[in-house]
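K.L.:
data_3.pdb is reproduced in full below (PDB, N, CA and C atoms).
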MODEL        1
ATOM      1  N   MET A   1      82.044 131.913  73.811
ATOM      2  CA  MET A   1      83.033 132.968  73.912
ATOM      3  C   MET A   1      84.191 132.457  74.774
ATOM      4  N   PRO A   2      85.407 132.429  74.272
ATOM      5  CA  PRO A   2      86.545 131.903  75.023
ATOM      6  C   PRO A   2      86.944 132.842  76.163
ATOM      7  N   CYS A   3      87.507 132.238  77.170
ATOM      8  CA  CYS A   3      87.941 132.981  78.351
ATOM      9  C   CYS A   3      89.426 132.710  78.567
ATOM     10  N   ALA A   4      90.155 133.744  78.901
ATOM     11  CA  ALA A   4      91.590 133.583  79.125
ATOM     12  C   ALA A   4      91.937 134.047  80.532
ATOM     13  N   ILE A   5      92.854 133.363  81.133
ATOM     14  CA  ILE A   5      93.353 133.749  82.449
ATOM     15  C   ILE A   5      94.789 134.195  82.264
ATOM     16  N   GLU A   6      95.071 135.416  82.726
ATOM     17  CA  GLU A   6      96.418 135.936  82.605
ATOM     18  C   GLU A   6      97.004 136.128  83.986
ATOM     19  N   TYR A   7      98.274 135.895  84.111
ATOM     20  CA  TYR A   7      98.977 136.040  85.380
ATOM     21  C   TYR A   7      99.824 137.298  85.329
ATOM     22  N   VAL A   8      99.632 138.155  86.314
ATOM     23  CA  VAL A   8     100.416 139.382  86.394
ATOM     24  C   VAL A   8     101.144 139.369  87.721
ATOM     25  N   ALA A   9     102.441 139.562  87.683
ATOM     26  CA  ALA A   9     103.236 139.550  88.906
ATOM     27  C   ALA A   9     104.139 140.770  88.931
ATOM     28  N   GLU A  10     104.623 141.082  90.123
ATOM     29  CA  GLU A  10     105.574 142.172  90.240
ATOM     30  C   GLU A  10     106.892 141.773  89.596
ATOM     31  N   ILE A  11     107.621 142.775  89.213
ATOM     32  CA  ILE A  11     108.940 142.518  88.644
ATOM     33  C   ILE A  11     109.850 141.993  89.747
ATOM     34  N   THR A  12     110.512 140.904  89.471
ATOM     35  CA  THR A  12     111.431 140.334  90.444
ATOM     36  C   THR A  12     112.747 141.089  90.367
ATOM     37  N   PRO A  13     113.189 141.658  91.490
ATOM     38  CA  PRO A  13     114.442 142.421  91.442
ATOM     39  C   PRO A  13     115.635 141.544  91.061
ATOM     40  N   THR A  14     116.468 142.128  90.260
ATOM     41  CA  THR A  14     117.742 141.493  89.932
ATOM     42  C   THR A  14     118.839 142.441  90.390
ATOM     43  N   ASP A  15     120.044 142.213  89.938
ATOM     44  CA  ASP A  15     121.158 143.040  90.391
ATOM     45  C   ASP A  15     121.423 144.241  89.495
ATOM     46  N   THR A  16     120.477 144.597  88.652
ATOM     47  CA  THR A  16     120.700 145.737  87.757
ATOM     48  C   THR A  16     120.311 147.036  88.451
ATOM     49  N   PRO A  17     120.859 148.156  88.021
ATOM     50  CA  PRO A  17     120.492 149.447  88.608
ATOM     51  C   PRO A  17     119.012 149.778  88.409
ATOM     52  N   GLU A  18     118.456 149.359  87.271
ATOM     53  CA  GLU A  18     117.044 149.634  86.998
ATOM     54  C   GLU A  18     116.133 148.905  87.987
ATOM     55  N   SER A  19     116.499 147.679  88.315
ATOM     56  CA  SER A  19     115.659 146.916  89.238
ATOM     57  C   SER A  19     115.667 147.540  90.627
ATOM     58  N   ALA A  20     116.786 148.109  91.056
ATOM     59  CA  ALA A  20     116.837 148.791  92.354
ATOM     60  C   ALA A  20     115.929 150.012  92.345
ATOM     61  N   LEU A  21     115.924 150.737  91.220
ATOM     62  CA  LEU A  21     115.056 151.905  91.091
ATOM     63  C   LEU A  21     113.588 151.492  91.118
ATOM     64  N   ILE A  22     113.243 150.462  90.370
ATOM     65  CA  ILE A  22     111.855 149.988  90.315
ATOM     66  C   ILE A  22     111.406 149.488  91.682
ATOM     67  N   GLU A  23     112.263 148.773  92.375
ATOM     68  CA  GLU A  23     111.922 148.278  93.708
ATOM     69  C   GLU A  23     111.657 149.444  94.669
ATOM     70  N   GLY A  24     112.481 150.483  94.600
ATOM     71  CA  GLY A  24     112.269 151.662  95.445
ATOM     72  C   GLY A  24     110.950 152.352  95.143
ATOM     73  N   ILE A  25     110.617 152.466  93.865
ATOM     74  CA  ILE A  25     109.349 153.087  93.462
ATOM     75  C   ILE A  25     108.170 152.254  93.962
ATOM     76  N   MET A  26     108.273 150.929  93.810
ATOM     77  CA  MET A  26     107.181 150.050  94.259
ATOM     78  C   MET A  26     107.008 150.124  95.775
ATOM     79  N   ASP A  27     108.112 150.196  96.518
ATOM     80  CA  ASP A  27     108.024 150.335  97.973
ATOM     81  C   ASP A  27     107.341 151.642  98.353
ATOM     82  N   SER A  28     107.703 152.715  97.661
ATOM     83  CA  SER A  28     107.091 154.017  97.926
ATOM     84  C   SER A  28     105.591 154.004  97.616
ATOM     85  N   MET A  29     105.220 153.358  96.513
ATOM     86  CA  MET A  29     103.798 153.273  96.149
ATOM     87  C   MET A  29     103.019 152.458  97.167
ATOM     88  N   ALA A  30     103.608 151.375  97.661
ATOM     89  CA  ALA A  30     102.936 150.552  98.671
ATOM     90  C   ALA A  30     102.747 151.344  99.961
ATOM     91  N   GLU A  31     103.762 152.102 100.357
ATOM     92  CA  GLU A  31     103.655 152.918 101.573
ATOM     93  C   GLU A  31     102.604 154.006 101.395
ATOM     94  N   PHE A  32     102.570 154.652 100.229
ATOM     95  CA  PHE A  32     101.566 155.670  99.941
ATOM     96  C   PHE A  32     100.160 155.087 100.015
ATOM     97  N   TYR A  33      99.956 153.922  99.387
ATOM     98  CA  TYR A  33      98.646 153.271  99.399
ATOM     99  C   TYR A  33      98.206 152.969 100.832
ATOM    100  N   SER A  34      99.117 152.458 101.637
ATOM    101  CA  SER A  34      98.795 152.116 103.016
ATOM    102  C   SER A  34      98.379 153.351 103.808
ATOM    103  N   LYS A  35      99.124 154.435 103.663
ATOM    104  CA  LYS A  35      98.800 155.681 104.380
ATOM    105  C   LYS A  35      97.485 156.277 103.897
ATOM    106  N   GLN A  36      97.258 156.218 102.583
ATOM    107  CA  GLN A  36      96.018 156.750 102.027
ATOM    108  C   GLN A  36      94.816 155.923 102.498
ATOM    109  N   LEU A  37      94.960 154.607 102.517
ATOM    110  CA  LEU A  37      93.886 153.738 102.994
ATOM    111  C   LEU A  37      93.560 154.028 104.453
ATOM    112  N   ARG A  38      94.585 154.170 105.280
ATOM    113  CA  ARG A  38      94.393 154.494 106.697
ATOM    114  C   ARG A  38      93.627 155.802 106.837
ATOM    115  N   GLN A  39      94.023 156.809 106.079
ATOM    116  CA  GLN A  39      93.370 158.114 106.142
ATOM    117  C   GLN A  39      91.892 158.003 105.735
ATOM    118  N   ASN A  40      91.608 157.261 104.684
ATOM    119  CA  ASN A  40      90.230 157.106 104.225
ATOM    120  C   ASN A  40      89.373 156.347 105.233
ATOM    121  N   VAL A  41      89.940 155.315 105.857
ATOM    122  CA  VAL A  41      89.194 154.549 106.857
ATOM    123  C   VAL A  41      88.870 155.425 108.062
ATOM    124  N   ILE A  42      89.858 156.184 108.526
ATOM    125  CA  ILE A  42      89.627 157.074 109.671
ATOM    126  C   ILE A  42      88.587 158.129 109.320
ATOM    127  N   ARG A  43      88.657 158.678 108.117
ATOM    128  CA  ARG A  43      87.676 159.673 107.681
ATOM    129  C   ARG A  43      86.267 159.077 107.697
ATOM    130  N   GLY A  44      86.124 157.865 107.189
ATOM    131  CA  GLY A  44      84.814 157.209 107.174
ATOM    132  C   GLY A  44      84.298 156.915 108.563
ATOM    133  N   MET A  45      85.187 156.469 109.450
ATOM    134  CA  MET A  45      84.762 156.181 110.820
ATOM    135  C   MET A  45      84.360 157.468 111.549
ATOM    136  N   ARG A  46      85.103 158.546 111.319
ATOM    137  CA  ARG A  46      84.772 159.830 111.936
ATOM    138  C   ARG A  46      83.413 160.333 111.433
ATOM    139  N   TYR A  47      83.184 160.211 110.124
ATOM    140  CA  TYR A  47      81.905 160.617 109.545
ATOM    141  C   TYR A  47      80.758 159.827 110.175
ATOM    142  N   ASN A  48      80.935 158.509 110.258
ATOM    143  CA  ASN A  48      79.893 157.669 110.860
ATOM    144  C   ASN A  48      79.640 158.061 112.307
ATOM    145  N   ALA A  49      80.695 158.354 113.051
ATOM    146  CA  ALA A  49      80.537 158.734 114.453
ATOM    147  C   ALA A  49      79.797 160.061 114.572
ATOM    148  N   GLN A  50      80.131 161.022 113.724
ATOM    149  CA  GLN A  50      79.469 162.329 113.780
ATOM    150  C   GLN A  50      77.990 162.233 113.424
ATOM    151  N   LYS A  51      77.643 161.314 112.555
ATOM    152  CA  LYS A  51      76.250 161.143 112.122
ATOM    153  C   LYS A  51      75.522 160.074 112.931
ATOM    154  N   ALA A  52      76.172 159.550 113.974
ATOM    155  CA  ALA A  52      75.615 158.480 114.814
ATOM    156  C   ALA A  52      75.236 157.262 113.978
ATOM    157  N   LEU A  53      76.095 156.912 113.025
ATOM    158  CA  LEU A  53      75.875 155.740 112.186
ATOM    159  C   LEU A  53      76.681 154.572 112.726
ATOM    160  N   TYR A  54      76.203 153.377 112.436
ATOM    161  CA  TYR A  54      76.863 152.146 112.856
ATOM    162  C   TYR A  54      78.277 152.111 112.311
ATOM    163  N   ASN A  55      79.238 151.856 113.193
ATOM    164  CA  ASN A  55      80.642 151.875 112.815
ATOM    165  C   ASN A  55      81.288 150.500 112.955
ATOM    166  N   GLY A  56      80.457 149.463 113.039
ATOM    167  CA  GLY A  56      80.998 148.124 113.173
ATOM    168  C   GLY A  56      81.143 147.657 114.608
ATOM    169  N   HIS A  57      80.744 148.475 115.560
ATOM    170  CA  HIS A  57      80.863 148.124 116.972
ATOM    171  C   HIS A  57      79.480 148.122 117.611
ATOM    172  N   LYS A  58      79.162 147.027 118.273
ATOM    173  CA  LYS A  58      77.894 146.965 118.992
ATOM    174  C   LYS A  58      78.033 147.745 120.288
ATOM    175  N   ILE A  59      77.002 148.486 120.626
ATOM    176  CA  ILE A  59      76.994 149.280 121.842
ATOM    177  C   ILE A  59      75.853 148.775 122.710
ATOM    178  N   LEU A  60      76.182 148.414 123.939
ATOM    179  CA  LEU A  60      75.167 147.906 124.861
ATOM    180  C   LEU A  60      74.099 148.969 125.072
ATOM    181  N   GLY A  61      72.859 148.584 124.915
ATOM    182  CA  GLY A  61      71.753 149.505 125.084
ATOM    183  C   GLY A  61      71.221 150.044 123.766
ATOM    184  N   TYR A  62      71.919 149.724 122.683
ATOM    185  CA  TYR A  62      71.513 150.212 121.358
ATOM    186  C   TYR A  62      71.483 149.061 120.361
ATOM    187  N   THR A  63      70.693 149.253 119.334
ATOM    188  CA  THR A  63      70.672 148.352 118.193
ATOM    189  C   THR A  63      70.758 149.228 116.951
ATOM    190  N   VAL A  64      70.824 148.631 115.772
ATOM    191  CA  VAL A  64      70.987 149.384 114.532
ATOM    192  C   VAL A  64      69.759 149.167 113.659
ATOM    193  N   ASP A  65      69.249 150.266 113.085
ATOM    194  CA  ASP A  65      68.093 150.143 112.196
ATOM    195  C   ASP A  65      68.539 149.943 110.752
ATOM    196  N   ASN A  66      67.591 149.976 109.818
ATOM    197  CA  ASN A  66      67.887 149.717 108.399
ATOM    198  C   ASN A  66      68.784 150.776 107.774
ATOM    199  N   THR A  67      68.781 151.991 108.349
ATOM    200  CA  THR A  67      69.585 153.079 107.796
ATOM    201  C   THR A  67      70.930 153.223 108.505
ATOM    202  N   LYS A  68      71.320 152.213 109.275
ATOM    203  CA  LYS A  68      72.585 152.157 110.014
ATOM    204  C   LYS A  68      72.668 153.168 111.154
ATOM    205  N   HIS A  69      71.532 153.667 111.622
ATOM    206  CA  HIS A  69      71.517 154.562 112.774
ATOM    207  C   HIS A  69      71.329 153.740 114.043
ATOM    208  N   TYR A  70      71.981 154.213 115.114
ATOM    209  CA  TYR A  70      71.782 153.574 116.411
ATOM    210  C   TYR A  70      70.423 153.982 116.957
ATOM    211  N   ILE A  71      69.701 153.013 117.475
ATOM    212  CA  ILE A  71      68.433 153.280 118.149
ATOM    213  C   ILE A  71      68.433 152.517 119.468
ATOM    214  N   GLU A  72      67.633 152.981 120.392
ATOM    215  CA  GLU A  72      67.588 152.354 121.712
ATOM    216  C   GLU A  72      67.077 150.924 121.610
ATOM    217  N   ASP A  73      67.762 150.023 122.297
ATOM    218  CA  ASP A  73      67.350 148.626 122.380
ATOM    219  C   ASP A  73      66.527 148.475 123.659
ATOM    220  N   LYS A  74      65.269 148.206 123.501
ATOM    221  CA  LYS A  74      64.346 148.169 124.650
ATOM    222  C   LYS A  74      64.677 147.061 125.648
ATOM    223  N   THR A  75      65.410 146.027 125.221
ATOM    224  CA  THR A  75      65.717 144.933 126.155
ATOM    225  C   THR A  75      66.964 145.202 126.982
ATOM    226  N   THR A  76      67.967 145.882 126.400
ATOM    227  CA  THR A  76      69.208 146.104 127.143
ATOM    228  C   THR A  76      69.378 147.522 127.671
ATOM    229  N   SER A  77      68.613 148.480 127.171
ATOM    230  CA  SER A  77      68.785 149.862 127.643
ATOM    231  C   SER A  77      68.467 150.036 129.130
ATOM    232  N   PRO A  78      67.494 149.313 129.692
ATOM    233  CA  PRO A  78      67.283 149.459 131.136
ATOM    234  C   PRO A  78      68.504 149.034 131.958
ATOM    235  N   ILE A  79      69.249 148.054 131.471
ATOM    236  CA  ILE A  79      70.457 147.619 132.171
ATOM    237  C   ILE A  79      71.481 148.749 132.168
ATOM    238  N   VAL A  80      71.672 149.379 131.008
ATOM    239  CA  VAL A  80      72.642 150.466 130.885
ATOM    240  C   VAL A  80      72.234 151.637 131.779
ATOM    241  N   LYS A  81      70.955 151.972 131.778
ATOM    242  CA  LYS A  81      70.472 153.071 132.613
ATOM    243  C   LYS A  81      70.709 152.761 134.090
ATOM    244  N   SER A  82      70.505 151.516 134.471
ATOM    245  CA  SER A  82      70.737 151.104 135.855
ATOM    246  C   SER A  82      72.219 151.210 136.218
ATOM    247  N   ILE A  83      73.095 150.804 135.299
ATOM    248  CA  ILE A  83      74.537 150.888 135.536
ATOM    249  C   ILE A  83      74.947 152.344 135.753
ATOM    250  N   PHE A  84      74.484 153.233 134.888
ATOM    251  CA  PHE A  84      74.827 154.646 135.029
ATOM    252  C   PHE A  84      74.280 155.228 136.334
ATOM    253  N   LYS A  85      73.053 154.876 136.676
ATOM    254  CA  LYS A  85      72.447 155.379 137.909
ATOM    255  C   LYS A  85      73.249 154.924 139.125
ATOM    256  N   GLN A  86      73.595 153.630 139.164
ATOM    257  CA  GLN A  86      74.369 153.111 140.290
ATOM    258  C   GLN A  86      75.744 153.767 140.368
ATOM    259  N   PHE A  87      76.375 153.992 139.230
ATOM    260  CA  PHE A  87      77.705 154.600 139.220
ATOM    261  C   PHE A  87      77.646 156.049 139.704
ATOM    262  N   THR A  88      76.641 156.789 139.236
ATOM    263  CA  THR A  88      76.528 158.190 139.681
ATOM    264  C   THR A  88      76.125 158.278 141.146
ATOM    265  N   ASP A  89      75.525 157.219 141.670
ATOM    266  CA  ASP A  89      75.194 157.183 143.096
ATOM    267  C   ASP A  89      76.398 156.793 143.952
ATOM    268  N   GLY A  90      77.554 156.501 143.307
ATOM    269  CA  GLY A  90      78.776 156.236 144.046
ATOM    270  C   GLY A  90      79.196 154.785 144.140
ATOM    271  N   LYS A  91      78.479 153.890 143.504
ATOM    272  CA  LYS A  91      78.854 152.471 143.552
ATOM    273  C   LYS A  91      80.017 152.226 142.602
ATOM    274  N   SER A  92      80.979 151.402 143.009
ATOM    275  CA  SER A  92      82.141 151.120 142.158
ATOM    276  C   SER A  92      81.748 150.202 141.002
ATOM    277  N   LEU A  93      82.577 150.233 139.947
ATOM    278  CA  LEU A  93      82.311 149.373 138.792
ATOM    279  C   LEU A  93      82.399 147.899 139.164
ATOM    280  N   THR A  94      83.297 147.563 140.073
ATOM    281  CA  THR A  94      83.434 146.180 140.515
ATOM    282  C   THR A  94      82.172 145.717 141.228
ATOM    283  N   GLU A  95      81.632 146.554 142.081
ATOM    284  CA  GLU A  95      80.393 146.203 142.785
ATOM    285  C   GLU A  95      79.234 146.036 141.803
ATOM    286  N   ILE A  96      79.170 146.946 140.835
ATOM    287  CA  ILE A  96      78.095 146.862 139.830
ATOM    288  C   ILE A  96      78.238 145.572 139.025
ATOM    289  N   ALA A  97      79.470 145.221 138.631
ATOM    290  CA  ALA A  97      79.697 143.997 137.855
ATOM    291  C   ALA A  97      79.321 142.762 138.667
ATOM    292  N   LYS A  98      79.691 142.727 139.949
ATOM    293  CA  LYS A  98      79.334 141.584 140.801
ATOM    294  C   LYS A  98      77.832 141.436 140.901
ATOM    295  N   GLU A  99      77.142 142.567 141.078
ATOM    296  CA  GLU A  99      75.684 142.533 141.189
ATOM    297  C   GLU A  99      75.042 142.041 139.890
ATOM    298  N   LEU A 100      75.555 142.509 138.767
ATOM    299  CA  LEU A 100      75.024 142.071 137.468
ATOM    300  C   LEU A 100      75.273 140.585 137.245
ATOM    301  N   ASN A 101      76.441 140.098 137.670
ATOM    302  CA  ASN A 101      76.746 138.669 137.526
ATOM    303  C   ASN A 101      75.813 137.811 138.368
ATOM    304  N   GLN A 102      75.418 138.313 139.519
ATOM    305  CA  GLN A 102      74.492 137.561 140.372
ATOM    306  C   GLN A 102      73.107 137.507 139.740
ATOM    307  N   GLN A 103      72.744 138.556 139.001
ATOM    308  CA  GLN A 103      71.418 138.621 138.380
ATOM    309  C   GLN A 103      71.345 137.838 137.075
ATOM    310  N   ARG A 104      72.473 137.705 136.377
ATOM    311  CA  ARG A 104      72.489 137.077 135.051
ATOM    312  C   ARG A 104      73.190 135.726 135.102
ATOM    313  N   SER A 105      73.044 134.959 134.039
ATOM    314  CA  SER A 105      73.717 133.669 133.966
ATOM    315  C   SER A 105      75.204 133.877 133.704
ATOM    316  N   THR A 106      76.012 132.879 133.980
ATOM    317  CA  THR A 106      77.470 133.005 133.865
ATOM    318  C   THR A 106      77.950 133.032 132.417
ATOM    319  N   ASP A 107      77.108 132.651 131.436
ATOM    320  CA  ASP A 107      77.558 132.675 130.054
ATOM    321  C   ASP A 107      77.649 134.102 129.505
ATOM    322  N   ASN A 108      77.088 135.050 130.202
ATOM    323  CA  ASN A 108      77.197 136.454 129.800
ATOM    324  C   ASN A 108      77.703 137.251 130.998
ATOM    325  N   ALA A 109      78.881 136.896 131.476
ATOM    326  CA  ALA A 109      79.412 137.504 132.685
ATOM    327  C   ALA A 109      79.828 138.955 132.459
ATOM    328  N   TRP A 110      79.611 139.766 133.469
ATOM    329  CA  TRP A 110      80.012 141.161 133.451
ATOM    330  C   TRP A 110      81.344 141.276 134.160
ATOM    331  N   THR A 111      82.250 142.023 133.603
ATOM    332  CA  THR A 111      83.551 142.189 134.241
ATOM    333  C   THR A 111      83.864 143.677 134.335
ATOM    334  N   LYS A 112      84.784 143.989 135.239
ATOM    335  CA  LYS A 112      85.218 145.370 135.384
ATOM    336  C   LYS A 112      86.064 145.727 134.177
ATOM    337  N   VAL A 113      85.802 146.867 133.576
ATOM    338  CA  VAL A 113      86.547 147.307 132.416
ATOM    339  C   VAL A 113      87.599 148.301 132.850
TER     340      VAL A 113
ENDMDL
END
Please express what this file holds, its structure, as structure tokens.
P.N.:
Amino acid sequence: MPCAIEYVAEITPTDTPESALIEGIMDSMAEFYSKQLRQNVIRGMRYNAQKALYNGHKILGYTVDNTKHYIEDKTTSPIVKSIFKQFTDGKSLTEIAKELNQQRSTDNAWTKV
């Protein structure tokens, strides 16, 4: 069965009135597509956040299961709980970061956010 490759390109504007009209329409369509894509991405991210689904961002203290739900990570959640406890006890974020850096190796340094 033969296969053909076809090339499709946008119309190259010339100096005719029709080409100016077509260029304006194409610009409007591109802007519409961009805005619609943005809206759809935000809608999907909001849905995932409301359902506690993985949104492409790793969260310290959590891991993701097969159904894309966040679940507690037994290895890092104690660190997060300790950070929150120290912060609510009045310790500054800088002090907590320094303490964590002393406990961990330098390849995974903690910094003040």
K.L.:
Just so the selection is clear, what residues does the PyMOL selection byres ((chain A and resi 70) around 8) cover here, as a ChimeraX atom specification?
P.N.:
/A:51-55,61-65,67-69,71-73
K.L.:
Which parts of chain A does DSSP call helix (DSSP H, G or I) when run on the backbone here, written out as a VMD selection string?
P.N.:
chain A and resid 17 to 50 77 to 88 93 to 103 106 to 108
K.L.:
Report the residues of chain A whose backbone DSSP state falls under strand (DSSP E), written as a VMD selection string.
P.N.:
chain A and resid 62 to 64 70 to 72
K.L.:
Keeping only N, CA and C atoms, write the selected residues as a short mmCIF file (atom, residue, chain, number, x, y, z; two decimals), in the coordinates of the input.
P.N.:
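The resulting result.cif:
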data_model
loop_
_atom_site.label_atom_id
_atom_site.label_comp_id
_atom_site.auth_asym_id
_atom_site.auth_seq_id
_atom_site.Cartn_x
_atom_site.Cartn_y
_atom_site.Cartn_z
N TYR A 62 71.92 149.72 122.68
CA TYR A 62 71.51 150.21 121.36
C TYR A 62 71.48 149.06 120.36
N THR A 63 70.69 149.25 119.33
CA THR A 63 70.67 148.35 118.19
C THR A 63 70.76 149.23 116.95
N VAL A 64 70.82 148.63 115.77
CA VAL A 64 70.99 149.38 114.53
C VAL A 64 69.76 149.17 113.66
N TYR A 70 71.98 154.21 115.11
CA TYR A 70 71.78 153.57 116.41
C TYR A 70 70.42 153.98 116.96
N ILE A 71 69.70 153.01 117.48
CA ILE A 71 68.43 153.28 118.15
C ILE A 71 68.43 152.52 119.47
N GLU A 72 67.63 152.98 120.39
CA GLU A 72 67.59 152.35 121.71
C GLU A 72 67.08 150.92 121.61
#
K.L.:
Extending 8 Å beyond the listed atoms of stretch 66-69 of chain A on each side, what axis-aligned box results? I want centre and edge lengths in Å to one decimal, as JSON.
P.N.:
{"center_x": 70.1, "center_y": 152.1, "center_z": 110.9, "size_x": 21.1, "size_y": 20.8, "size_z": 22.3}
K.L.:
What's the separation between atom CA of A:Ala30 and atom N of A:Arg46, in Å to one decimal place?
P.N.:
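Value for the atom CA of A:Ala30-atom N of A:Arg46 distance: 23.3 Å.
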K.L.:
At what distance in Å, to one decimal, does atom CA of A:Leu60 lie from atom N of A:Lys81?
P.N.:
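Computing it gives 9.1 Å between the two atoms.
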K.L.:
For the atom pair atom C of A:Ile96 and atom N of A:Phe84, what is the interatomic distance in Å to one decimal place?
P.N.:
9.5 Å
K.L.:
Would you mind exporting stretch 26-100 of chain A with C-alpha atoms, as a CSV table (one decimal), in the first residue's frame?
P.N.:
chain,number,residue,atom,x,y,z
A,26,MET,CA,-5.4,33.5,11.6
A,27,ASP,CA,-4.0,35.8,14.4
A,28,SER,CA,-7.4,35.9,16.0
A,29,MET,CA,-7.7,32.1,15.8
A,30,ALA,CA,-4.2,31.6,17.3
A,31,GLU,CA,-5.1,34.0,20.2
A,32,PHE,CA,-8.4,32.1,20.8
A,33,TYR,CA,-6.7,28.8,20.8
A,34,SER,CA,-4.1,30.0,23.3
A,35,LYS,CA,-6.8,31.4,25.7
A,36,GLN,CA,-8.9,28.3,25.4
A,37,LEU,CA,-5.9,26.0,26.1
A,38,ARG,CA,-5.0,28.1,29.2
A,39,GLN,CA,-8.6,27.9,30.5
A,40,ASN,CA,-8.6,24.1,30.0
A,41,VAL,CA,-5.3,23.6,31.7
A,42,ILE,CA,-6.4,25.7,34.7
A,43,ARG,CA,-9.7,23.8,34.9
A,44,GLY,CA,-7.8,20.5,34.9
A,45,MET,CA,-5.4,21.6,37.5
A,46,ARG,CA,-8.2,22.9,39.7
A,47,TYR,CA,-10.1,19.6,39.3
A,48,ASN,CA,-7.0,17.6,40.3
A,49,ALA,CA,-6.4,19.9,43.3
A,50,GLN,CA,-10.0,19.5,44.5
A,51,LYS,CA,-9.9,15.7,44.2
A,52,ALA,CA,-6.4,15.6,45.8
A,53,LEU,CA,-5.0,14.1,42.5
A,54,TYR,CA,-1.4,14.4,41.4
A,55,ASN,CA,-0.9,17.7,39.5
A,56,GLY,CA,2.7,17.2,38.4
A,57,HIS,CA,4.2,18.6,41.5
A,58,LYS,CA,6.0,16.4,44.1
A,59,ILE,CA,5.0,17.3,47.7
A,60,LEU,CA,7.4,16.5,50.5
A,61,GLY,CA,5.8,14.0,52.8
A,62,TYR,CA,3.6,12.5,50.1
A,63,THR,CA,3.9,10.1,47.3
A,64,VAL,CA,1.5,9.2,44.5
A,65,ASP,CA,-0.4,5.9,44.2
A,66,ASN,CA,-1.6,4.1,41.0
A,67,THR,CA,-4.8,6.2,40.9
A,68,LYS,CA,-2.9,9.5,41.0
A,69,HIS,CA,-3.9,10.2,44.6
A,70,TYR,CA,-1.5,11.6,47.1
A,71,ILE,CA,-0.7,9.2,50.0
A,72,GLU,CA,1.6,9.7,52.9
A,73,ASP,CA,5.2,8.8,52.3
A,74,LYS,CA,6.4,6.9,55.4
A,75,THR,CA,10.0,7.9,54.9
A,76,THR,CA,9.6,11.7,54.5
A,77,SER,CA,6.4,12.4,56.4
A,78,PRO,CA,8.1,12.4,59.8
A,79,ILE,CA,10.4,15.1,58.6
A,80,VAL,CA,7.5,17.3,57.5
A,81,LYS,CA,5.7,16.7,60.8
A,82,SER,CA,8.8,17.7,62.7
A,83,ILE,CA,9.1,20.9,60.6
A,84,PHE,CA,5.6,21.8,61.4
A,85,LYS,CA,6.0,21.0,65.1
A,86,GLN,CA,9.1,23.1,65.3
A,87,PHE,CA,7.5,26.0,63.5
A,88,THR,CA,4.4,26.0,65.6
A,89,ASP,CA,6.7,25.9,68.7
A,90,GLY,CA,8.2,29.3,67.5
A,91,LYS,CA,11.4,28.2,65.7
A,92,SER,CA,12.2,30.3,62.6
A,93,LEU,CA,12.4,28.7,59.2
A,94,THR,CA,16.1,29.6,59.0
A,95,GLU,CA,16.8,27.8,62.2
A,96,ILE,CA,14.8,24.7,61.1
A,97,ALA,CA,16.7,24.7,57.7
A,98,LYS,CA,20.1,24.9,59.5
A,99,GLU,CA,19.2,22.1,61.8
A,100,LEU,CA,18.0,19.9,58.9
